[in-house]
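> The structure file coords_3.cif (mmCIF, C-alpha atoms and all ligand atoms) is provided below.
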```cif
data_model
#
loop_
_atom_site.label_atom_id
_atom_site.label_comp_id
_atom_site.auth_asym_id
_atom_site.auth_seq_id
_atom_site.Cartn_x
_atom_site.Cartn_y
_atom_site.Cartn_z
CA MET P 1 -67.22 -42.32 77.13
CA THR P 2 -66.22 -45.22 79.36
CA LEU P 3 -62.98 -46.84 80.43
CA SER P 4 -63.96 -49.91 78.36
CA ARG P 5 -62.74 -47.94 75.34
CA VAL P 6 -59.21 -48.12 76.76
CA GLN P 7 -57.35 -51.12 75.31
CA ASP P 8 -53.73 -51.94 76.31
CA GLY P 9 -53.70 -48.60 78.13
CA ARG P 10 -54.38 -46.59 74.99
CA VAL P 11 -57.29 -45.17 73.05
CA ARG P 12 -57.29 -44.81 69.27
CA VAL P 13 -59.53 -42.20 67.61
CA ARG P 14 -59.91 -41.43 63.91
CA ALA P 15 -61.00 -38.01 62.58
CA PRO P 16 -61.48 -36.84 58.97
CA GLY P 17 -60.11 -34.01 56.88
CA LYS P 18 -62.62 -31.67 55.25
CA ILE P 19 -63.29 -29.64 52.19
CA ASN P 20 -65.48 -26.56 52.02
CA VAL P 21 -67.90 -26.98 49.12
CA PHE P 22 -69.09 -23.45 49.80
CA PHE P 23 -67.28 -20.67 51.64
CA ALA P 24 -68.56 -17.10 51.84
CA VAL P 25 -66.51 -14.61 53.83
CA GLY P 26 -67.93 -11.42 55.39
CA ASP P 27 -66.00 -8.21 55.79
CA VAL P 28 -63.20 -8.07 58.33
CA GLN P 29 -64.56 -7.29 61.81
CA PRO P 30 -63.02 -4.78 64.26
CA ASP P 31 -61.39 -7.71 66.12
CA GLY P 32 -59.63 -8.79 62.88
CA TYR P 33 -61.80 -11.89 62.33
CA HIS P 34 -64.26 -12.55 59.48
CA ASP P 35 -67.68 -14.12 59.83
CA VAL P 36 -68.17 -16.94 57.34
CA ALA P 37 -70.93 -19.08 55.88
CA SER P 38 -69.45 -22.46 55.09
CA VAL P 39 -70.62 -25.85 53.91
CA TYR P 40 -68.18 -28.44 55.16
CA GLN P 41 -67.95 -32.01 53.97
CA ALA P 42 -65.80 -34.57 55.80
CA VAL P 43 -63.82 -36.68 53.31
CA GLY P 44 -62.04 -40.01 53.55
CA LEU P 45 -58.53 -38.79 54.33
CA PHE P 46 -57.99 -39.51 58.01
CA GLU P 47 -55.91 -38.65 61.03
CA ASP P 48 -55.46 -41.39 63.66
CA VAL P 49 -54.52 -40.42 67.20
CA TRP P 50 -53.49 -42.80 70.00
CA ALA P 51 -53.57 -41.37 73.54
CA THR P 52 -51.86 -42.92 76.58
CA ILE P 53 -51.00 -41.73 80.07
CA GLY P 54 -47.52 -40.15 79.94
CA GLU P 55 -44.94 -38.07 81.74
CA GLY P 56 -45.77 -34.47 80.83
CA TYR P 57 -47.30 -33.73 77.39
CA THR P 58 -45.50 -35.34 74.46
CA VAL P 59 -46.36 -36.09 70.83
CA GLU P 60 -44.92 -38.22 68.01
CA VAL P 61 -46.06 -37.64 64.42
CA THR P 62 -45.87 -40.01 61.45
CA GLY P 63 -47.98 -40.18 58.29
CA THR P 64 -48.58 -40.99 54.67
CA VAL P 65 -48.13 -37.25 53.95
CA ASP P 66 -45.09 -35.01 54.54
CA VAL P 67 -45.16 -34.30 58.30
CA SER P 68 -41.97 -32.21 58.50
CA GLY P 69 -43.93 -28.98 59.13
CA VAL P 70 -45.79 -30.30 62.17
CA PRO P 71 -44.69 -28.82 65.51
CA LEU P 72 -43.90 -31.30 68.31
CA ASP P 73 -44.34 -28.92 71.24
CA ASP P 74 -47.19 -26.93 72.73
CA ARG P 75 -47.85 -25.29 69.34
CA ASN P 76 -49.27 -28.64 68.20
CA LEU P 77 -53.05 -28.28 68.31
CA ALA P 78 -53.42 -31.87 69.54
CA VAL P 79 -51.20 -31.21 72.56
CA ARG P 80 -53.30 -28.16 73.36
CA ALA P 81 -56.44 -30.30 73.00
CA ALA P 82 -55.03 -32.89 75.43
CA ARG P 83 -54.23 -30.17 77.97
CA SER P 84 -57.69 -28.71 77.59
CA VAL P 85 -59.50 -32.00 78.36
CA ALA P 86 -57.10 -32.71 81.25
CA ARG P 87 -57.87 -29.30 82.73
CA ALA P 88 -61.62 -29.81 82.29
CA VAL P 89 -61.64 -33.19 84.08
CA GLY P 90 -59.03 -32.29 86.74
CA TRP P 91 -56.27 -34.68 85.51
CA GLU P 92 -52.86 -33.63 86.89
CA GLY P 93 -50.69 -36.26 85.15
CA GLY P 94 -49.37 -36.18 81.60
CA ILE P 95 -50.55 -37.49 78.22
CA HIS P 96 -48.59 -39.01 75.35
CA LEU P 97 -50.03 -38.74 71.83
CA GLU P 98 -49.11 -40.62 68.67
CA ILE P 99 -50.52 -39.04 65.51
CA HIS P 100 -50.63 -40.72 62.12
CA LYS P 101 -51.51 -38.14 59.49
CA GLY P 102 -53.32 -38.84 56.20
CA VAL P 103 -54.45 -35.25 55.62
CA PRO P 104 -51.94 -33.00 53.82
CA VAL P 105 -50.29 -30.56 56.27
CA ALA P 106 -51.11 -26.84 55.85
CA GLY P 107 -53.31 -27.70 52.87
CA GLY P 108 -56.56 -26.03 53.91
CA MET P 109 -58.09 -29.43 54.71
CA GLY P 110 -58.16 -29.05 58.47
CA GLY P 111 -55.64 -31.76 59.39
CA GLY P 112 -54.49 -30.02 62.56
CA SER P 113 -58.12 -29.46 63.53
CA ALA P 114 -58.84 -33.16 62.95
CA ASP P 115 -55.91 -34.03 65.25
CA ALA P 116 -57.35 -31.74 67.91
CA ALA P 117 -60.84 -33.25 67.55
CA ALA P 118 -59.50 -36.82 67.71
CA THR P 119 -57.43 -35.91 70.77
CA LEU P 120 -60.40 -34.38 72.59
CA VAL P 121 -62.36 -37.62 72.14
CA ALA P 122 -59.36 -39.87 72.90
CA VAL P 123 -58.24 -38.13 76.08
CA ASN P 124 -61.82 -37.90 77.35
CA ALA P 125 -62.18 -41.67 76.86
CA LEU P 126 -58.72 -42.39 78.29
CA LEU P 127 -59.39 -40.42 81.47
CA GLY P 128 -62.99 -41.62 81.80
CA GLY P 129 -63.89 -37.94 81.68
CA ASN P 130 -67.53 -38.31 80.66
CA LEU P 131 -67.50 -34.92 78.92
CA SER P 132 -70.55 -34.68 76.64
CA ALA P 133 -70.39 -34.04 72.88
CA ALA P 134 -71.60 -30.48 73.61
CA GLU P 135 -68.80 -29.94 76.14
CA LEU P 136 -66.19 -31.27 73.69
CA HIS P 137 -67.63 -28.92 71.03
CA VAL P 138 -67.04 -25.94 73.36
CA LEU P 139 -63.45 -27.03 74.09
CA GLY P 140 -62.92 -27.60 70.35
CA ALA P 141 -64.20 -24.14 69.36
CA GLU P 142 -61.70 -22.59 71.79
CA LEU P 143 -58.88 -24.39 69.94
CA GLY P 144 -59.91 -23.42 66.39
CA ALA P 145 -62.92 -22.70 64.20
CA ASP P 146 -62.65 -26.00 62.26
CA VAL P 147 -62.31 -28.30 65.29
CA PRO P 148 -66.07 -28.64 66.04
CA PHE P 149 -66.72 -29.83 62.47
CA ALA P 150 -64.01 -32.50 62.74
CA LEU P 151 -65.87 -33.76 65.85
CA LEU P 152 -69.22 -33.79 64.03
CA GLY P 153 -68.23 -35.00 60.53
CA GLY P 154 -70.71 -35.64 57.72
CA THR P 155 -71.82 -32.49 55.93
CA ALA P 156 -72.72 -29.33 57.82
CA VAL P 157 -73.36 -25.62 57.49
CA GLY P 158 -71.01 -23.55 59.64
CA THR P 159 -71.70 -19.92 60.51
CA GLY P 160 -70.15 -17.36 62.86
CA ARG P 161 -66.43 -18.17 62.73
CA GLY P 162 -67.46 -21.51 61.13
CA ASP P 163 -68.01 -23.24 64.46
CA GLU P 164 -71.79 -22.78 64.81
CA LEU P 165 -72.84 -25.98 63.05
CA ALA P 166 -76.05 -27.38 61.61
CA PRO P 167 -75.94 -30.80 59.93
CA ALA P 168 -76.97 -30.82 56.24
CA LEU P 169 -78.88 -33.59 54.48
CA VAL P 170 -76.97 -35.46 51.79
CA ARG P 171 -78.08 -38.21 49.43
CA GLY P 172 -75.45 -40.76 48.46
CA ARG P 173 -71.83 -39.79 48.25
CA PHE P 174 -69.66 -37.41 46.27
CA GLU P 175 -66.27 -38.23 44.77
CA TRP P 176 -63.38 -35.83 45.20
CA VAL P 177 -59.80 -35.60 44.01
CA LEU P 178 -57.46 -33.49 46.08
CA VAL P 179 -54.30 -32.08 44.51
CA THR P 180 -51.84 -31.14 47.22
CA ARG P 181 -48.61 -29.19 47.01
CA THR P 182 -45.66 -28.48 49.23
CA ASP P 183 -45.49 -24.68 48.84
CA GLY P 184 -48.10 -23.84 51.48
CA LEU P 185 -50.33 -20.81 51.81
CA SER P 186 -50.84 -19.47 55.33
CA THR P 187 -54.49 -18.94 56.25
CA PRO P 188 -53.91 -15.38 57.62
CA ALA P 189 -52.05 -14.43 54.41
CA VAL P 190 -54.99 -15.57 52.26
CA TYR P 191 -57.51 -13.60 54.35
CA GLY P 192 -55.16 -10.59 54.16
CA GLU P 193 -55.09 -10.88 50.37
CA LEU P 194 -58.91 -11.12 50.28
CA ASP P 195 -59.17 -7.90 52.32
CA ARG P 196 -56.65 -6.24 49.99
CA LEU P 197 -58.50 -7.33 46.82
CA ARG P 198 -61.82 -6.17 48.27
CA ALA P 199 -60.50 -2.79 49.42
CA ALA P 200 -59.58 -1.56 45.94
CA PRO P 201 -61.74 0.03 44.67
CA ASP P 202 -64.15 0.13 47.61
CA ILE P 203 -67.43 0.67 45.75
CA ARG P 204 -69.48 -2.35 46.86
CA PRO P 205 -71.88 -2.49 49.83
CA PRO P 206 -70.46 -4.07 53.01
CA ILE P 207 -71.01 -7.84 53.47
CA ALA P 208 -72.37 -7.92 57.00
CA VAL P 209 -73.66 -11.48 57.38
CA PRO P 210 -72.57 -13.99 54.73
CA THR P 211 -75.08 -16.72 53.86
CA VAL P 212 -75.01 -20.11 52.15
CA ALA P 213 -76.43 -20.19 48.59
CA PRO P 214 -79.58 -22.41 48.67
CA GLY P 215 -78.49 -24.20 45.44
CA VAL P 216 -75.60 -25.87 47.27
CA LEU P 217 -77.88 -27.41 49.88
CA ALA P 218 -80.43 -28.46 47.23
CA ALA P 219 -77.71 -30.21 45.19
CA LEU P 220 -76.39 -32.03 48.27
CA ARG P 221 -79.92 -33.11 49.27
CA ALA P 222 -80.55 -34.41 45.75
CA GLY P 223 -77.17 -36.18 45.52
CA ASP P 224 -76.72 -34.35 42.21
CA ALA P 225 -73.00 -33.97 41.40
CA LEU P 226 -73.61 -31.88 38.28
CA ALA P 227 -75.83 -29.42 40.15
CA LEU P 228 -73.31 -29.26 43.00
CA ALA P 229 -70.54 -28.49 40.49
CA GLY P 230 -72.52 -25.42 39.37
CA ALA P 231 -73.12 -24.23 42.93
CA ILE P 232 -69.65 -24.66 44.48
CA ALA P 233 -68.10 -21.31 45.47
CA ASN P 234 -65.25 -20.12 47.66
CA ASP P 235 -64.62 -16.41 48.36
CA LEU P 236 -61.00 -17.28 49.26
CA HIS P 237 -60.41 -18.80 45.80
CA PRO P 238 -59.36 -15.54 44.02
CA ALA P 239 -57.17 -14.54 46.97
CA ALA P 240 -55.37 -17.91 47.05
CA CYS P 241 -54.88 -17.85 43.25
CA SER P 242 -53.62 -14.27 43.43
CA LEU P 243 -50.90 -15.33 45.91
CA LEU P 244 -50.13 -18.57 44.03
CA PRO P 245 -51.07 -18.22 40.32
CA ALA P 246 -49.80 -21.77 39.61
CA LEU P 247 -53.09 -22.98 41.15
CA ASN P 248 -54.90 -21.86 37.97
CA GLU P 249 -52.87 -24.31 35.92
CA VAL P 250 -53.77 -27.18 38.26
CA ILE P 251 -57.47 -26.32 37.93
CA ASP P 252 -57.25 -26.16 34.13
CA ARG P 253 -55.58 -29.59 34.00
CA GLY P 254 -58.26 -31.17 36.18
CA LEU P 255 -61.15 -29.64 34.22
CA THR P 256 -59.57 -30.76 30.93
CA ALA P 257 -59.28 -34.26 32.40
CA GLY P 258 -63.04 -34.35 33.03
CA ALA P 259 -63.55 -32.92 36.55
CA LEU P 260 -67.02 -31.40 37.03
CA ALA P 261 -65.58 -28.56 39.14
CA GLY P 262 -62.18 -27.47 40.44
CA PHE P 263 -61.68 -25.01 43.29
CA VAL P 264 -59.39 -23.97 46.13
CA SER P 265 -60.18 -25.98 49.26
CA GLY P 266 -60.59 -23.64 52.26
CA SER P 267 -57.63 -21.27 52.21
CA GLY P 268 -55.63 -23.58 49.91
CA PRO P 269 -53.26 -24.45 48.47
CA THR P 270 -55.01 -27.82 48.05
CA ILE P 271 -57.21 -27.86 44.95
CA ALA P 272 -60.37 -29.96 45.24
CA PHE P 273 -61.97 -31.47 42.14
CA LEU P 274 -65.49 -32.86 42.09
CA ALA P 275 -65.41 -35.97 39.90
CA ALA P 276 -68.32 -37.50 38.02
CA PRO P 277 -69.79 -40.51 39.89
CA GLY P 278 -67.31 -43.41 39.56
CA GLY P 279 -64.67 -41.11 38.04
CA ALA P 280 -62.39 -40.10 40.95
CA ASP P 281 -59.76 -42.84 40.65
CA ALA P 282 -59.28 -42.28 36.91
CA LEU P 283 -59.10 -38.49 37.39
CA ALA P 284 -56.52 -38.91 40.17
CA ARG P 285 -54.44 -41.22 37.95
CA THR P 286 -54.52 -38.74 35.05
CA LEU P 287 -53.42 -35.88 37.31
CA ARG P 288 -50.65 -38.00 38.86
CA SER P 289 -49.33 -38.91 35.42
CA ALA P 290 -49.24 -35.16 34.66
CA GLY P 291 -46.90 -34.79 37.65
CA PHE P 292 -49.33 -33.62 40.33
CA SER P 293 -49.78 -35.11 43.79
CA ALA P 294 -53.42 -36.26 43.65
CA LEU P 295 -55.51 -38.24 46.17
CA ALA P 296 -59.01 -39.61 45.57
CA ALA P 297 -61.48 -39.52 48.48
CA HIS P 298 -65.23 -39.66 48.91
CA GLY P 299 -67.52 -37.84 51.28
CA PRO P 300 -69.34 -37.51 53.52
CA VAL P 301 -67.67 -39.64 56.19
CA ALA P 302 -68.12 -39.77 59.98
CA GLY P 303 -66.56 -37.35 62.48
CA ALA P 304 -64.10 -38.22 65.27
CA ARG P 305 -64.78 -41.71 66.64
CA VAL P 306 -63.10 -44.29 68.82
CA LEU P 307 -61.67 -47.29 66.91
CA ALA P 308 -61.18 -50.72 68.39
P1 LIG Z 1 -55.60 -23.96 58.90
O1 LIG Z 1 -56.59 -23.73 57.79
O2 LIG Z 1 -56.21 -24.06 60.27
O3 LIG Z 1 -54.37 -23.07 58.84
P2 LIG Z 1 -54.76 -26.24 57.43
O4 LIG Z 1 -55.89 -27.17 57.26
O5 LIG Z 1 -54.37 -25.39 56.28
O6 LIG Z 1 -55.05 -25.41 58.72
P3 LIG Z 1 -53.06 -27.84 59.10
O7 LIG Z 1 -52.40 -29.05 58.58
O8 LIG Z 1 -54.19 -28.03 60.02
O9 LIG Z 1 -53.46 -27.00 57.84
O10 LIG Z 1 -51.94 -26.97 59.82
C1 LIG Z 1 -51.62 -25.63 59.63
C2 LIG Z 1 -50.40 -25.27 60.52
O11 LIG Z 1 -50.70 -25.53 61.88
C3 LIG Z 1 -49.17 -26.12 60.22
O12 LIG Z 1 -48.33 -25.50 59.30
C4 LIG Z 1 -48.51 -26.29 61.56
O13 LIG Z 1 -47.48 -25.34 61.77
C5 LIG Z 1 -49.59 -26.01 62.60
N1 LIG Z 1 -50.04 -27.21 63.38
C6 LIG Z 1 -50.30 -27.24 64.69
N2 LIG Z 1 -50.70 -28.47 65.08
C7 LIG Z 1 -50.71 -29.24 64.00
C8 LIG Z 1 -51.04 -30.62 63.77
N3 LIG Z 1 -51.43 -31.45 64.74
N4 LIG Z 1 -50.97 -31.06 62.50
C9 LIG Z 1 -50.58 -30.23 61.50
N5 LIG Z 1 -50.21 -28.96 61.67
C10 LIG Z 1 -50.29 -28.44 62.91
#
```
Re-express the file's structure as structure tokens.
Ligand code: ATP

Amino acid sequence: MTLSRVQDGRVRVRAPGKINVFFAVGDVQPDGYHDVASVYQAVGLFEDVWATIGEGYTVEVTGTVDVSGVPLDDRNLAVRAARSVARAVGWEGGIHLEIHKGVPVAGGMGGGSADAAATLVAVNALLGGNLSAAELHVLGAELGADVPFALLGGTAVGTGRGDELAPALVRGRFEWVLVTRTDGLSTPAVYGELDRLRAAPDIRPPIAVPTVAPGVLAALRAGDALALAGAIANDLHPAACSLLPALNEVIDRGLTAGALAGFVSGSGPTIAFLAAPGGADALARTLRSAGFSALAAHGPVAGARVLA
């Protein structure tokens, strides 16, 4: 990172939202967390963050999605990311952030994490901090399990809490349609429901270390949408649908309209559909005319990067 990336006193960084094409969840650990085995793909719905020197830490949020649920104080993950880089490089002044959101808020697509990742990169460039990608990864993992992936982008396997990443090989691109909704599902509530569903009756062996099904990685490597459709899985899917049964209707509509697969993205309530190659725009149009809020996007796309 160099000061040459600062134009008109500000730095603009773009980071992507994500879907989890595979998400296996281990049993709840004594500390309350779950280990996961995840395959993330970054998709073309983006967050843009502009960072400038400011008085104290302030943030403005606009977007093409409903941003009314986004906090504007220290609860905002981007503000916490700005403070974290400032602390790491010894900056004692303030930072002002402008966020333009394209990722649905509280939709299980990691929009807040993308804001945090973009802010880490932007503030590092703004302050000439010279923190390495590995150092930003560490700061990101402290902010949230999905932040390191928003820095990396592409397609990756995530283990541990989801933040121990290994890039995955992908041929070509996959087409997705995301159906968003305004009645959110909180991530802790969905994990709580998973634990509840698994506890009764407790006759299965414990899931110590979840792993990624090899078929998912083979389908991604081959660029084979049909094979990927058969391998997609999300352990949180039944829990999210149990809390919000209306999600089943959305999935049925998408499958009837020709989607290869339909599933809860992350902890929901966004439903992700895998479209046949060339079919995402038509699928999105069909779902919109049925009254749903549907966005077409392809993946993989790049992680957080400075824009001119
Ligand atoms: P997660 O799975 O981490 O809960 P998500 O992908 O479902 O996240 P986000 O849009 O990242 O959804 O935000 C979840 C919640 O985090 C929001 O309801 C909001 O209160 C809070 N939040 C904090 N910072 C941000 C931010 N920059 N953008 C959006 N939400 C934020």
> Report, in Å to a single decimal, how far apart atom CA of P:Gly44 and atom CA of P:Glu175 are.
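Computing it gives 9.9 Å between the two atoms.
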> Using all atoms listed in the file for the distances, tell me which of P:Ala308, P:Val43, P:Ala141, P:Val190 is nearest to P:Gly266.
P:Val190
> One number please: atom N4 of ligand LIG 1 (chain Z) to atom CA of P:Ala82, in Å, one decimal.
13.7 Å
> What separation in Å, quoted to one decimal, exists between atom O2 of ligand LIG 1 (chain Z) and atom CA of P:Gly215?
26.8 Å
> Ranking P:Gly160, P:Pro269, P:Gly254, P:Pro167 by minimum distance to P:Arg285 and counting only C-alpha atoms, which one comes first?
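Using only C-alpha atoms, the shortest distance to P:Arg285 belongs to P:Gly254.
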> So which one's closest to P:Leu131, P:Arg87, P:Val103, P:Val170, P:Glu98? Using all atoms listed in the file, please.
P:Arg87
> Which residue gives the smallest distance to ligand LIG 1 (chain Z) among P:Val25, P:Ala106, P:Val61, P:Ala134, with all atoms listed in the file counted?
P:Ala106
> Could you list, as an NGL selection string, all the residues within 6 Å of ligand LIG 1 (chain Z), counting all atoms listed in the file?
:P and (69-71 or 75-78 or 105-113 or 115 or 187)
> With distances taken over only C-alpha atoms, which residue among P:Ala145, P:Leu151, P:Ala219, P:Leu139 lies nearest P:Val301?
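Among P:Ala145, P:Leu151, P:Ala219, P:Leu139, it is P:Leu151 that comes nearest to P:Val301.
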> Between P:Gly93, P:Gly56, P:Gly144, P:Pro214, which is the closest to P:Ala227 once you count only C-alpha atoms?
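Ranking P:Gly93, P:Gly56, P:Gly144, P:Pro214 by distance to P:Ala227, first place goes to P:Pro214.
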> Just give me the residues with any atom within 7 Å of (-71.8, -18.7, 54.1), file coordinates, counting all atoms listed in the file, written as a list in words.
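Selection result: Phe22, Phe23, Ala24, Val25, Val36, Ala37, Ser38, Thr159, Pro210, Thr211 and Val212 of chain P.
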